Structure formats: structure tokens, C-alpha cells
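Visitor: This structure is in C-alpha cells; I'll ask about it shortly.
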Amino acid sequence: MKILFLLSVCLSVIFSSGCNDDKKHRLVMATNATFPPYEYLADHKIDGIDPKIVSTIAEALGYELEIQDMAFDSVIAAVQSGKADIAASGITVTEERKKQVFFTVPYVVAEQVIIVKKESKIKGSSDLKGLRIGVQHGTTGDTYVTKNIQEPERFNNGPLAVAALLADKIDAVVVDGEPAEVYIQQRPGLKKLEQPLTFEEYAFAIGKHNPELLKKFNDQLMKLKASGKLDAIIQHYKEINAPGNSGKSFDNTSFIGKFQESLYINFFKDSRYLYLVRGFAVTLEITFFAVLMGIGIGFAVAVIRSTADTTGKLKLADLLCRVYLTVIRGTPVVVQLLIIYFVIFGAVDVDKVLVAVIAFGINSGAYVAEIIRGGIASIDKGQMEAARSLGLGYWQSMREIILPQALKNVLPALGNEFIVLLKETSVSGYIALADLTKGGDIIRSQTYDAFLPLIAVALIYLAVVMLLSYLLGLLEKRLKRNE
Ligand code: ARG
């Protein structure tokens, strides 16, 4: 525990000092790329009105732009905490938000609108009461519905709310007007109601600790406006997001034809399968290193606790281990992940995969520790006594006699722990890490289709778990034969 704490302090020092230098030349932009035409993923890159405006200004100011994709409700927090320099995400200026961040001059006027299915009887906001209304979590649409109508159903992004509408899980979606336009063009069967619910203005958000950037940015933004370049950018992205053809035509009448189209759209169009491939690699990477870390911590903790139990030594270390076990096993892993990312590495620019490895490694260590301690306890006391009377020291007996036998006994339980760990990494998306599950989510928010992306993700996990179980079975057999 102590070591871990020191480790995390060291890491944060290393990372913070290592990054400060190039931060001067780098401008980090936080966004939520599910909001066409303002920001969206196209060909695996973030594109749209906001990235274009910010990159144009960043270039003029001599910065290198780095875009970070995250949940919309983290975008403002990111600039506030200094994790990002600017938030550009179709952000509406509100009084609440002004308390937290500076806003640049506005660059667009916008509105909240209602999307419903074409055959819906809903005509306006007065018909919404008592129905199921979907919004994107943390947006002004969310605030509007909550204040004026009722508790909405909150989705991670607009497209997922639209997907729920298409699947009849909800009756209406309240969302910004221009994204709504694109959403309904991308999926047939939807319409936007004429009457807007609100009028708003978008601006970019900058941390209150950074008034110089605000000034420089505003100057550039005014120039863009005056030269007509701003309008040209906005126009350009509206046009390329206007209805086009889906690229391929399928026989829409038969089941097979529909299935083929669905396969094409979810996996092959724009090489979407790559989200799964890359996500899978990230999942494996996190799991692999977290398992190693978990084994390391687990062994150390188990040996300390068993030694304290049997010899009465290492009292303080034992106490620390107990605290570690209680805290880690007593809190959900998602919460631990979020604490490590947002609190421990709060203002530090640290690699998210590393954060995930640390979080899942520390978490798994607690379970591994108890499994191994159980294994050590299962070995007859006589073994230690015999080893000691042969002249081996305590630690040597532990290492050479007790642990190998203990390990063999707990192998199935350990295997189980690693399988759980692999699947648990699926919450990595909470810190906007593009793991396998998140890869499926990205596809879902582009295709509005739940079935295939989710099934594909599930099948990939299942295949890995089956392979793992098989390998563990082989290992167990080997060890039995060695007896
Ligand atoms: N304009 C709304 C707001 O500020 C929604 C913005 C959502 N943006 C996004 N990139 N998803 O709350």
C-alpha cells in the first residue's frame, strides 16, 4: 500500500514534470465527438466545425493541437481542472457554466428541438408530459426537460438517444437543432418538430486560470468572423453532412438483404471494424499488465498477512494490507478508476492506459491476495515445520516449499479472477478510453444500431474467455501430472 502510494506519487511527478515543457506549444482541446456537424468521427478522425475552427486558430497562434474525445459532461470539467486548455463541443453559454469557465465570444446561434418518429402524434412540448423523453446527459436539452417537463432518460450521447427512439424505447429526443437535422437524415423514419424549445449561443470554454489564452483566442475568432472564414467553415461542414447515399445498395426486402446491409453499415462502411480491433488490443493490453500488477501485489500482501497470522511479526505491514483489502474490496472498481484518473492524477496529463492498468492492477491485487492467502492456509502446518527442521529459513521455506503448493491449489480460483478482470476492464470507457466495449459504443453511436455491435463485442469477450479457460485447464492438467 505504502509502496503503491509512493509509486503513484512518483509517477505523477514524473508525468507532470515531463509534460509541462511541451504543454506550452500544445493546445489540448476537449470535445465529445458525437455531435455532427460540430464534431464527429469520420474515417477514425475527429472532424467538424469545432475542430476546424480551433485548429485554424491554434495554427495562427503557433500551437500544436491535440484533440481529446470524452463524455460531454466531462468537457467543461476538463478545462476547469486544467486537463484541457479549451473545450469546443457545441457548448451553449449558460449562467451556470459561466461560474466555472470563461467563454469566448459566441460563434453560432442554436436551439433545442424535439425529434420523434414520423408516425408520432406528438406535436410540441406540451404533448411530452408523462412520455419517455431522451436527452444527452449534461446538455442544455437535459436541463430544459428536467426543469420544464420532467426527469428525462439520460443517454451518453445524442445518437444513442436517437437509437433508443428508433427502437421504441423512448417517445421523443430533445437535442440541438443542427445535430438533429443530421441524425434524422442518417436514419429514415424520424422527423424534427418545427417549434424550437430554446434559443442558445455556442462558444468555446477556457479555464479561469488562463485569461491570456481567452484574449488571444477571442482576437483570432473575431478575425475569422470578420473575414467571412468562419461562415465558410460552418457552411462547408453543414454541406458535407447533408444527405448523401449510403455508398452501397442492398435488397431491402429480404431478411438476408437487410442483414447484409446491417453487417456492411456496422462493420465495413468506413472500416468501422477497426474500432473493435483497436479496442480489443487496448483491452488485452490493460488486462495483461493489470494481471501482472495484480499478481505482484497479491503475492506480497498474501505473504505479509500469512506471516503476520502465523508468526505475529510484521504487525504494521499487516495493518496496512488490511486497510488496502477493505478499501479496495469495499468500493466498486469504476469508482476507483474514476478516483485514480480524476483525483490522484487530477491535474496531470497521464496516459489513460496506464491509469487503467494501475486501477485494475490495484483492484485485482486485493482479490489475488485473498486467494493466495487461502492457498497458503490450505497447506499443512507440518510442511513449514519440516522445511524449517531441514535447516531452511522462514522466507526460503515460504518461497520454495509453501508457495508452489499453495499456488497449485488456487490455480482455478486465480484463473477465475483473471477472467473477471478481463471483463471488468469494460468499464474503461468511463475515462474515455477506447477499449473493446467502447469500440462497440462508438459504432453504435454512428450507426444507431444496437444489435450487431453489441453482439460482436460480446462474442469477442466470450471467445477470449473460452480460450483462457482452455489454457488454464491445460496448465492444471500439467501440474497434476507433475505431482
Ligand atoms: N449545446 C448543448 C449544451 O451545451 C449540447 C452540446 C452537446 N455537444 C456535444 N458535442 N455532444 O449543453
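Residue names in the C-alpha cells use chain letters A, B, ... in the order shown, residue numbers from 1 in each chain, and ligand numbers from 1 in the order shown.
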I'd like the contact shell of A:Ser306 - 8 Å cut-off, only C-alpha atoms, skipping same-chain residues fewer than 5 positions apart - returned as a PDB file with N, CA and C atoms, in the first residue's frame.
Guide:
ATOM      1  N   ARG A 373      -3.682 -16.168  -0.083  1.00  0.00           N
ATOM      2  CA  ARG A 373      -3.645 -16.402   1.370  1.00  0.00           C
ATOM      3  C   ARG A 373      -4.413 -17.672   1.720  1.00  0.00           C
ATOM      4  N   ILE A 376      -2.209 -20.523   0.904  1.00  0.00           N
ATOM      5  CA  ILE A 376      -1.149 -20.747   1.893  1.00  0.00           C
ATOM      6  C   ILE A 376      -1.742 -21.432   3.131  1.00  0.00           C
ATOM      7  N   ALA A 377      -2.930 -20.989   3.536  1.00  0.00           N
ATOM      8  CA  ALA A 377      -3.557 -21.565   4.728  1.00  0.00           C
ATOM      9  C   ALA A 377      -3.929 -23.031   4.510  1.00  0.00           C
TER      10      ALA A 377
END
Visitor: Please list as a JSON list (two decimals) with all heavy atoms, in the first residue's frame every residue within 12 Å of A:Leu274, counting only C-alpha atoms and excluding residues in the same chain fewer than 4 positions away.
Guide:
[["chain", "number", "residue", "atom", "x", "y", "z"],
["A", 43, "ASP", "N", -13.81, 8.56, -40.71],
["A", 43, "ASP", "CA", -12.58, 7.84, -41.02],
["A", 43, "ASP", "C", -11.64, 7.79, -39.83],
["A", 43, "ASP", "O", -10.44, 8.02, -39.94],
["A", 43, "ASP", "CB", -11.85, 8.48, -42.21],
["A", 43, "ASP", "CG", -12.58, 8.16, -43.50],
["A", 43, "ASP", "OD1", -13.25, 7.11, -43.54],
["A", 43, "ASP", "OD2", -12.49, 8.98, -44.43],
["A", 44, "HIS", "N", -12.21, 7.55, -38.66],
["A", 44, "HIS", "CA", -11.44, 7.35, -37.43],
["A", 44, "HIS", "C", -10.74, 8.62, -36.96],
["A", 44, "HIS", "O", -9.87, 8.57, -36.11],
["A", 44, "HIS", "CB", -10.44, 6.21, -37.59],
["A", 44, "HIS", "CG", -11.14, 4.92, -37.91],
["A", 44, "HIS", "ND1", -11.51, 4.03, -36.95],
["A", 44, "HIS", "CD2", -11.57, 4.41, -39.09],
["A", 44, "HIS", "CE1", -12.13, 3.01, -37.52],
["A", 44, "HIS", "NE2", -12.18, 3.22, -38.82],
["A", 266, "ASN", "N", -22.48, -1.59, -40.08],
["A", 266, "ASN", "CA", -21.87, -1.61, -38.76],
["A", 266, "ASN", "C", -20.38, -1.92, -38.76],
["A", 266, "ASN", "O", -19.65, -1.49, -37.87],
["A", 266, "ASN", "CB", -22.57, -2.62, -37.86],
["A", 266, "ASN", "CG", -23.86, -2.06, -37.32],
["A", 266, "ASN", "OD1", -23.86, -1.07, -36.60],
["A", 266, "ASN", "ND2", -24.98, -2.67, -37.69],
["A", 267, "PHE", "N", -19.94, -2.71, -39.72],
["A", 267, "PHE", "CA", -18.54, -3.15, -39.64],
["A", 267, "PHE", "C", -17.66, -2.71, -40.81],
["A", 267, "PHE", "O", -16.48, -2.44, -40.62],
["A", 267, "PHE", "CB", -18.46, -4.67, -39.51],
["A", 267, "PHE", "CG", -19.20, -5.17, -38.31],
["A", 267, "PHE", "CD1", -20.16, -6.16, -38.42],
["A", 267, "PHE", "CD2", -18.94, -4.63, -37.05],
["A", 267, "PHE", "CE1", -20.85, -6.60, -37.30],
["A", 267, "PHE", "CE2", -19.62, -5.05, -35.93],
["A", 267, "PHE", "CZ", -20.58, -6.06, -36.06],
["A", 268, "PHE", "N", -18.22, -2.64, -42.00],
["A", 268, "PHE", "CA", -17.33, -2.42, -43.14],
["A", 268, "PHE", "C", -17.33, -1.00, -43.65],
["A", 268, "PHE", "O", -16.29, -0.49, -44.06],
["A", 268, "PHE", "CB", -17.66, -3.42, -44.25],
["A", 268, "PHE", "CG", -17.44, -4.82, -43.76],
["A", 268, "PHE", "CD1", -18.52, -5.65, -43.45],
["A", 268, "PHE", "CD2", -16.16, -5.29, -43.52],
["A", 268, "PHE", "CE1", -18.31, -6.91, -42.93],
["A", 268, "PHE", "CE2", -15.95, -6.55, -42.99],
["A", 268, "PHE", "CZ", -17.03, -7.37, -42.70],
["A", 269, "LYS", "N", -18.48, -0.33, -43.59],
["A", 269, "LYS", "CA", -18.51, 1.04, -44.03],
["A", 269, "LYS", "C", -17.51, 1.85, -43.18],
["A", 269, "LYS", "O", -17.46, 1.69, -41.96],
["A", 269, "LYS", "CB", -19.93, 1.60, -43.84],
["A", 269, "LYS", "CG", -20.08, 3.00, -44.37],
["A", 269, "LYS", "CD", -21.54, 3.32, -44.63],
["A", 269, "LYS", "CE", -21.64, 4.65, -45.31],
["A", 269, "LYS", "NZ", -21.97, 5.75, -44.44],
["A", 270, "ASP", "N", -16.72, 2.68, -43.83],
["A", 270, "ASP", "CA", -15.69, 3.48, -43.14],
["A", 270, "ASP", "C", -14.78, 2.63, -42.26],
["A", 270, "ASP", "O", -14.28, 3.11, -41.24],
["A", 270, "ASP", "CB", -16.32, 4.57, -42.24],
["A", 270, "ASP", "CG", -17.17, 5.53, -43.03],
["A", 270, "ASP", "OD1", -16.93, 5.67, -44.24],
["A", 270, "ASP", "OD2", -18.09, 6.13, -42.45],
["A", 278, "ARG", "N", -8.98, -2.23, -32.70],
["A", 278, "ARG", "CA", -8.10, -1.41, -31.84],
["A", 278, "ARG", "C", -8.55, -1.49, -30.39],
["A", 278, "ARG", "O", -7.73, -1.56, -29.48],
["A", 278, "ARG", "CB", -8.14, 0.04, -32.29],
["A", 278, "ARG", "CG", -7.52, 0.18, -33.65],
["A", 278, "ARG", "CD", -7.26, 1.64, -33.97],
["A", 278, "ARG", "NE", -6.88, 1.74, -35.36],
["A", 278, "ARG", "CZ", -7.42, 2.59, -36.23],
["A", 278, "ARG", "NH1", -8.35, 3.43, -35.84],
["A", 278, "ARG", "NH2", -7.02, 2.60, -37.48],
["A", 279, "GLY", "N", -9.86, -1.49, -30.19],
["A", 279, "GLY", "CA", -10.38, -1.57, -28.82],
["A", 279, "GLY", "C", -9.97, -2.88, -28.18],
["A", 279, "GLY", "O", -9.58, -2.91, -27.01],
["A", 280, "PHE", "N", -10.00, -3.93, -28.96],
["A", 280, "PHE", "CA", -9.63, -5.25, -28.45],
["A", 280, "PHE", "C", -8.17, -5.23, -28.01],
["A", 280, "PHE", "O", -7.81, -5.74, -26.94],
["A", 280, "PHE", "CB", -9.87, -6.29, -29.55],
["A", 280, "PHE", "CG", -9.57, -7.69, -29.12],
["A", 280, "PHE", "CD1", -10.06, -8.19, -27.93],
["A", 280, "PHE", "CD2", -8.81, -8.53, -29.93],
["A", 280, "PHE", "CE1", -9.79, -9.49, -27.54],
["A", 280, "PHE", "CE2", -8.54, -9.83, -29.55],
["A", 280, "PHE", "CZ", -9.02, -10.31, -28.35],
["A", 281, "ALA", "N", -7.32, -4.61, -28.82],
["A", 281, "ALA", "CA", -5.90, -4.53, -28.47],
["A", 281, "ALA", "C", -5.73, -3.78, -27.15],
["A", 281, "ALA", "O", -4.96, -4.20, -26.27],
["A", 281, "ALA", "CB", -5.12, -3.83, -29.58],
["A", 434, "ALA", "N", -10.62, 4.05, -25.24],
["A", 434, "ALA", "CA", -11.29, 3.31, -26.31],
["A", 434, "ALA", "C", -10.97, 1.83, -26.23],
["A", 434, "ALA", "O", -10.21, 1.30, -27.02],
["A", 434, "ALA", "CB", -10.90, 3.89, -27.66],
["A", 435, "ASP", "N", -11.55, 1.15, -25.27],
["A", 435, "ASP", "CA", -11.35, -0.31, -25.18],
["A", 435, "ASP", "C", -12.39, -1.00, -26.06],
["A", 435, "ASP", "O", -13.09, -0.36, -26.83],
["A", 435, "ASP", "CB", -11.47, -0.76, -23.71],
["A", 435, "ASP", "CG", -12.90, -0.70, -23.23],
["A", 435, "ASP", "OD1", -13.60, 0.25, -23.62],
["A", 435, "ASP", "OD2", -13.33, -1.60, -22.49],
["A", 436, "LEU", "N", -12.47, -2.34, -25.94],
["A", 436, "LEU", "CA", -13.37, -3.09, -26.80],
["A", 436, "LEU", "C", -14.83, -2.65, -26.65],
["A", 436, "LEU", "O", -15.53, -2.38, -27.65],
["A", 436, "LEU", "CB", -13.23, -4.59, -26.49],
["A", 436, "LEU", "CG", -14.16, -5.53, -27.23],
["A", 436, "LEU", "CD1", -14.02, -5.38, -28.74],
["A", 436, "LEU", "CD2", -13.88, -6.98, -26.83],
["A", 439, "GLY", "N", -15.36, 0.60, -28.15],
["A", 439, "GLY", "CA", -15.34, 0.48, -29.61],
["A", 439, "GLY", "C", -16.73, 0.17, -30.14],
["A", 439, "GLY", "O", -17.20, 0.77, -31.11],
["A", 440, "GLY", "N", -17.41, -0.76, -29.45],
["A", 440, "GLY", "CA", -18.77, -1.09, -29.84],
["A", 440, "GLY", "C", -19.70, 0.11, -29.67],
["A", 440, "GLY", "O", -20.56, 0.38, -30.50],
["A", 442, "ILE", "N", -18.87, 3.25, -29.88],
["A", 442, "ILE", "CA", -18.61, 4.24, -30.93],
["A", 442, "ILE", "C", -19.36, 3.84, -32.20],
["A", 442, "ILE", "O", -20.03, 4.65, -32.83],
["A", 442, "ILE", "CB", -17.09, 4.34, -31.21],
["A", 442, "ILE", "CG1", -16.37, 4.90, -29.98],
["A", 442, "ILE", "CG2", -16.84, 5.24, -32.41],
["A", 442, "ILE", "CD1", -14.86, 4.95, -30.11],
["A", 443, "ILE", "N", -19.30, 2.55, -32.54],
["A", 443, "ILE", "CA", -20.03, 2.10, -33.72],
["A", 443, "ILE", "C", -21.53, 2.34, -33.53],
["A", 443, "ILE", "O", -22.21, 2.87, -34.39],
["A", 443, "ILE", "CB", -19.77, 0.60, -34.00],
["A", 443, "ILE", "CG1", -18.29, 0.40, -34.30],
["A", 443, "ILE", "CG2", -20.64, 0.11, -35.16],
["A", 443, "ILE", "CD1", -17.92, -1.02, -34.64]]
Visitor: Could you tell me which of A:Met70, A:Ile91, A:Leu27, A:Ile371 comes closest to ligand 1 if we count only C-alpha atoms and all ligand atoms?
Guide: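 Using only C-alpha atoms and all ligand atoms, ligand 1 sits closest to A:Ile91.
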Visitor: Please return as a PyMOL selection string the residues found within 7 Å of ligand 1, counting only C-alpha atoms and all ligand atoms.
Guide: chain A and resi 31-35+38-39+72+89-93+138-141+157-158+176+202
Visitor: Report, in Å to a single decimal, how far apart atom CA of A:Leu193 and atom CA of A:Val173 are.
Guide: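 Rounded to one decimal, the two atoms are 10.6 Å apart.
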Visitor: Name the residues in contact with A:Ile460 at a cut-off of 12 Å, using only C-alpha atoms, excluding same-chain residues fewer than 3 positions from it; report them as an MDAnalysis selection string.
Guide: chainID A and resid 276:277 279:281 283:284 422:423 436:437 439:440 453:457 463:467
Visitor: Between A:Ala110, A:Leu414, A:Ala406, A:Val101, single out the one closest to A:Leu197, counting only C-alpha atoms.
Guide: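 Closest to A:Leu197 of all the choices is A:Ala110.
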Visitor: For A:Tyr40, which residue out of A:Tyr144, A:Phe103, A:Phe199, A:Tyr183 is the nearest one, using only C-alpha atoms?
Guide: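 Selected residue with least distance to A:Tyr40: A:Tyr183.
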Visitor: Closest to A:Ser55 among A:Gly346, A:Asp231, A:Glu417, A:Leu221, using only C-alpha atoms?
Guide: A:Leu221
